[in-house]
Amino acid sequence: MNPELQGRVFEPTAPYLVGREKIREFARAVFATSPLNHDPVAAIAAGYSDIVAPPTFPVVIQESTLAQLLAEPDAGIDFTRVVHGDQRFTYTRPIVAGDELTAVLSVASIKSLGGHSMVTAESIITDASGAHVVTAISTLVVRGDE
Amino acid sequence: MTDLNLDKGQIVAETTFSITRDSLVRYAGASGDFNPIHYRDDVATSVGLPGVLAHGMLTMGFAIQPVVDWIGDSGKVLDYQVRFTRPVLVDAVVGASVTVVARVGSVEDDVARIDLTVTYGEQTVLGKAQARVSLS
């Protein structure tokens, strides 16, 4: 893959409006049974404006930034050879229903290791006011020719 | 309720999850990750895999839930990271059973680092699986 991608910063993604039913759907899929993830009354009683998304929900937003990376014409990334190496989320606050989120992707590093390439992509996710919500950091391993 | 008298190594939560092919289809729809290696045996074997695998992000997603249930609020998770070290094969008939054990790694001020041991069969499937959670 193209080493010149390192340091590249992409255009912000289109705003993503977080729906209450989407959070419930995601919560069911990851076996999240906390009332805060499902019940607005419980979430409001805990001090939130609406139901709270499970910790890995930002992956839904991250998907759109990684799609930008894979679609970059000069990236040279073969999607069928991509394996997820590691993932990290660092939160300022949890995502709640009603949030309108935008992500900005940057390529933090590109490394080569034994014929494979490793790309670390950082997606900074902010709300409609521009305040930081969560940063999602993903390392993708692109397997080399065998 | 959280107990502020936490000892390093103390187990705070332990849960076993039963994953089926239905779980994978549900997660694909919820997350938008429709890579067919997570629901089609023919595609999985054609790329050299032993069979259909769980999404790594599904495993990461449920592995934190015992911790969330222990602290009572997913908003208290300040940081969460994992490394995907081994795949979880999900058999079409019997599914897969994945066990999560959450232990106290360290405590500093009002923040605990919780270390997760996530096993499928006899092997761990996540490496450096850690969450920092607020105890306040």
# chains A, B, ... in the order shown; residues from 1 in each chain; ligands from 1

$ interface_residues --of "chain A" --to "chain B" --cutoff "8 Å" --atoms "only C-alpha atoms" --output "list in words"
Lys22, Glu25, Phe26, Ala29, Val30, Phe31, Ala32, Ser34, Leu36, Val52, Ala53, Pro54, Pro55, Thr56, Phe57, Val59, Val60, Glu63, His84, Gly85, Asp86, Gln87, Arg88, Phe89, Thr90, Tyr91, Thr92, Arg93 and Pro94 of chain A

$ residues_around --residues "segment 109-119 of chain A" --least-positions-apart "6" --cutoff "7 Å" --atoms "only C-alpha atoms" --output "ChimeraX atom specification"
/A:3,6,139-144

$ select_by_dssp --residues "segment 31-63 of chain B" --states "alpha helix (DSSP H)" --output "MDAnalysis selection string"
chainID B and resid 31 41:46 56:63

$ residues_around --residues "Val67 of chain B" --least-positions-apart "6" --cutoff "10 Å" --atoms "only C-alpha atoms" --output "PyMOL selection string"
chain B and resi 12-15+73-74+76-77+100-103+114-116+131+133

$ atom_distance --atom1 "atom CA of Val111 of chain B" --atom2 "atom CA of Ser134 of chain B"
4.7 Å

$ closest_residue --among "A:Arg20, A:Arg8, A:Arg81, A:His132" --to "Asn37 of chain A" --atoms "only C-alpha atoms"
A:Arg20

$ select_by_dssp --residues "chain A" --states "strand (DSSP E)" --output "PyMOL selection string"
chain A and resi 16-17+82-91+100-113+116-126+132-142

$ residues_around --residues "segment 66-76 of chain A" --least-positions-apart "2" --cutoff "9 Å" --atoms "only C-alpha atoms" --output "JSON, numbers by chain"
{"A": [1, 2, 3, 4, 5, 10, 11, 13, 62, 63, 64, 78, 79, 105, 107, 121, 123]}

$ write_last_selection --atoms "N, CA and C atoms" --output "PDB file, in the first residue's frame"
ATOM      1  N   MET A   1       0.833  -1.208   0.000  1.00  0.00           N
ATOM      2  CA  MET A   1       0.000   0.000   0.000  1.00  0.00           C
ATOM      3  C   MET A   1       0.863   1.251   0.000  1.00  0.00           C
ATOM      4  N   ASN A   2       0.243   2.353  -0.243  1.00  0.00           N
ATOM      5  CA  ASN A   2       0.960   3.611  -0.466  1.00  0.00           C
ATOM      6  C   ASN A   2       1.436   4.246   0.850  1.00  0.00           C
ATOM      7  N   PRO A   3       2.765   4.312   1.075  1.00  0.00           N
ATOM      8  CA  PRO A   3       3.260   4.870   2.346  1.00  0.00           C
ATOM      9  C   PRO A   3       2.983   6.367   2.498  1.00  0.00           C
ATOM     10  N   GLU A   4       2.694   7.030   1.356  1.00  0.00           N
ATOM     11  CA  GLU A   4       2.427   8.473   1.438  1.00  0.00           C
ATOM     12  C   GLU A   4       1.072   8.795   2.080  1.00  0.00           C
ATOM     13  N   LEU A   5       0.292   7.738   2.365  1.00  0.00           N
ATOM     14  CA  LEU A   5      -0.994   7.972   3.055  1.00  0.00           C
ATOM     15  C   LEU A   5      -0.785   8.463   4.484  1.00  0.00           C
ATOM     16  N   PHE A  10      -8.724  13.271   6.066  1.00  0.00           N
ATOM     17  CA  PHE A  10      -9.814  13.197   5.109  1.00  0.00           C
ATOM     18  C   PHE A  10     -10.887  14.247   5.411  1.00  0.00           C
ATOM     19  N   GLU A  11     -11.794  14.435   4.446  1.00  0.00           N
ATOM     20  CA  GLU A  11     -12.925  15.346   4.632  1.00  0.00           C
ATOM     21  C   GLU A  11     -13.852  14.795   5.720  1.00  0.00           C
ATOM     22  N   THR A  13     -17.012  13.329   7.537  1.00  0.00           N
ATOM     23  CA  THR A  13     -18.133  12.537   7.011  1.00  0.00           C
ATOM     24  C   THR A  13     -19.424  13.340   7.134  1.00  0.00           C
ATOM     25  N   GLN A  62     -17.437   4.853  12.592  1.00  0.00           N
ATOM     26  CA  GLN A  62     -16.095   4.563  12.065  1.00  0.00           C
ATOM     27  C   GLN A  62     -16.167   3.864  10.714  1.00  0.00           C
ATOM     28  N   GLU A  63     -17.209   3.028  10.520  1.00  0.00           N
ATOM     29  CA  GLU A  63     -17.375   2.332   9.231  1.00  0.00           C
ATOM     30  C   GLU A  63     -17.284   3.301   8.060  1.00  0.00           C
ATOM     31  N   SER A  64     -17.926   4.471   8.217  1.00  0.00           N
ATOM     32  CA  SER A  64     -17.976   5.400   7.083  1.00  0.00           C
ATOM     33  C   SER A  64     -16.608   6.023   6.818  1.00  0.00           C
ATOM     34  N   ASP A  78      -6.334  -3.600  -0.833  1.00  0.00           N
ATOM     35  CA  ASP A  78      -7.236  -4.633  -1.341  1.00  0.00           C
ATOM     36  C   ASP A  78      -8.121  -5.095  -0.185  1.00  0.00           C
ATOM     37  N   PHE A  79      -9.411  -4.749  -0.264  1.00  0.00           N
ATOM     38  CA  PHE A  79     -10.353  -4.999   0.819  1.00  0.00           C
ATOM     39  C   PHE A  79     -10.372  -6.467   1.237  1.00  0.00           C
ATOM     40  N   LEU A 105     -11.320  11.427   9.656  1.00  0.00           N
ATOM     41  CA  LEU A 105     -10.338  10.346   9.625  1.00  0.00           C
ATOM     42  C   LEU A 105      -8.950  10.895   9.336  1.00  0.00           C
ATOM     43  N   VAL A 107      -4.811   9.251   8.926  1.00  0.00           N
ATOM     44  CA  VAL A 107      -3.976   8.053   8.916  1.00  0.00           C
ATOM     45  C   VAL A 107      -2.796   8.319   9.838  1.00  0.00           C
ATOM     46  N   ALA A 121      -5.667   3.914  11.661  1.00  0.00           N
ATOM     47  CA  ALA A 121      -6.571   4.988  11.265  1.00  0.00           C
ATOM     48  C   ALA A 121      -7.264   5.534  12.503  1.00  0.00           C
ATOM     49  N   SER A 123     -10.243   8.021  13.906  1.00  0.00           N
ATOM     50  CA  SER A 123     -11.459   8.761  13.570  1.00  0.00           C
ATOM     51  C   SER A 123     -11.875   9.586  14.782  1.00  0.00           C
TER      52      SER A 123
END

$ residues_around --residues "Ile125 of chain A" --least-positions-apart "3" --cutoff "7 Å" --atoms "only C-alpha atoms" --output "short mmCIF file (atom, residue, chain, number, x, y, z; two decimals) with C-alpha atoms, in the first residue's frame"
data_model
loop_
_atom_site.label_atom_id
_atom_site.label_comp_id
_atom_site.auth_asym_id
_atom_site.auth_seq_id
_atom_site.Cartn_x
_atom_site.Cartn_y
_atom_site.Cartn_z
CA LEU A 101 -22.09 13.04 14.81
CA THR A 102 -19.36 13.84 12.30
CA ALA A 103 -16.07 11.98 11.97
CA VAL A 104 -12.72 13.10 10.64
CA HIS A 132 -15.36 15.86 21.10
CA VAL A 133 -17.37 12.71 21.85
CA VAL A 134 -15.07 9.78 21.13
CA THR A 135 -11.94 8.91 19.20
#

$ closest_residue --among "A:Gly130, A:Gly98, A:Pro40, A:Pro35" --to "Gly19 of chain A" --atoms "only C-alpha atoms"
A:Gly98
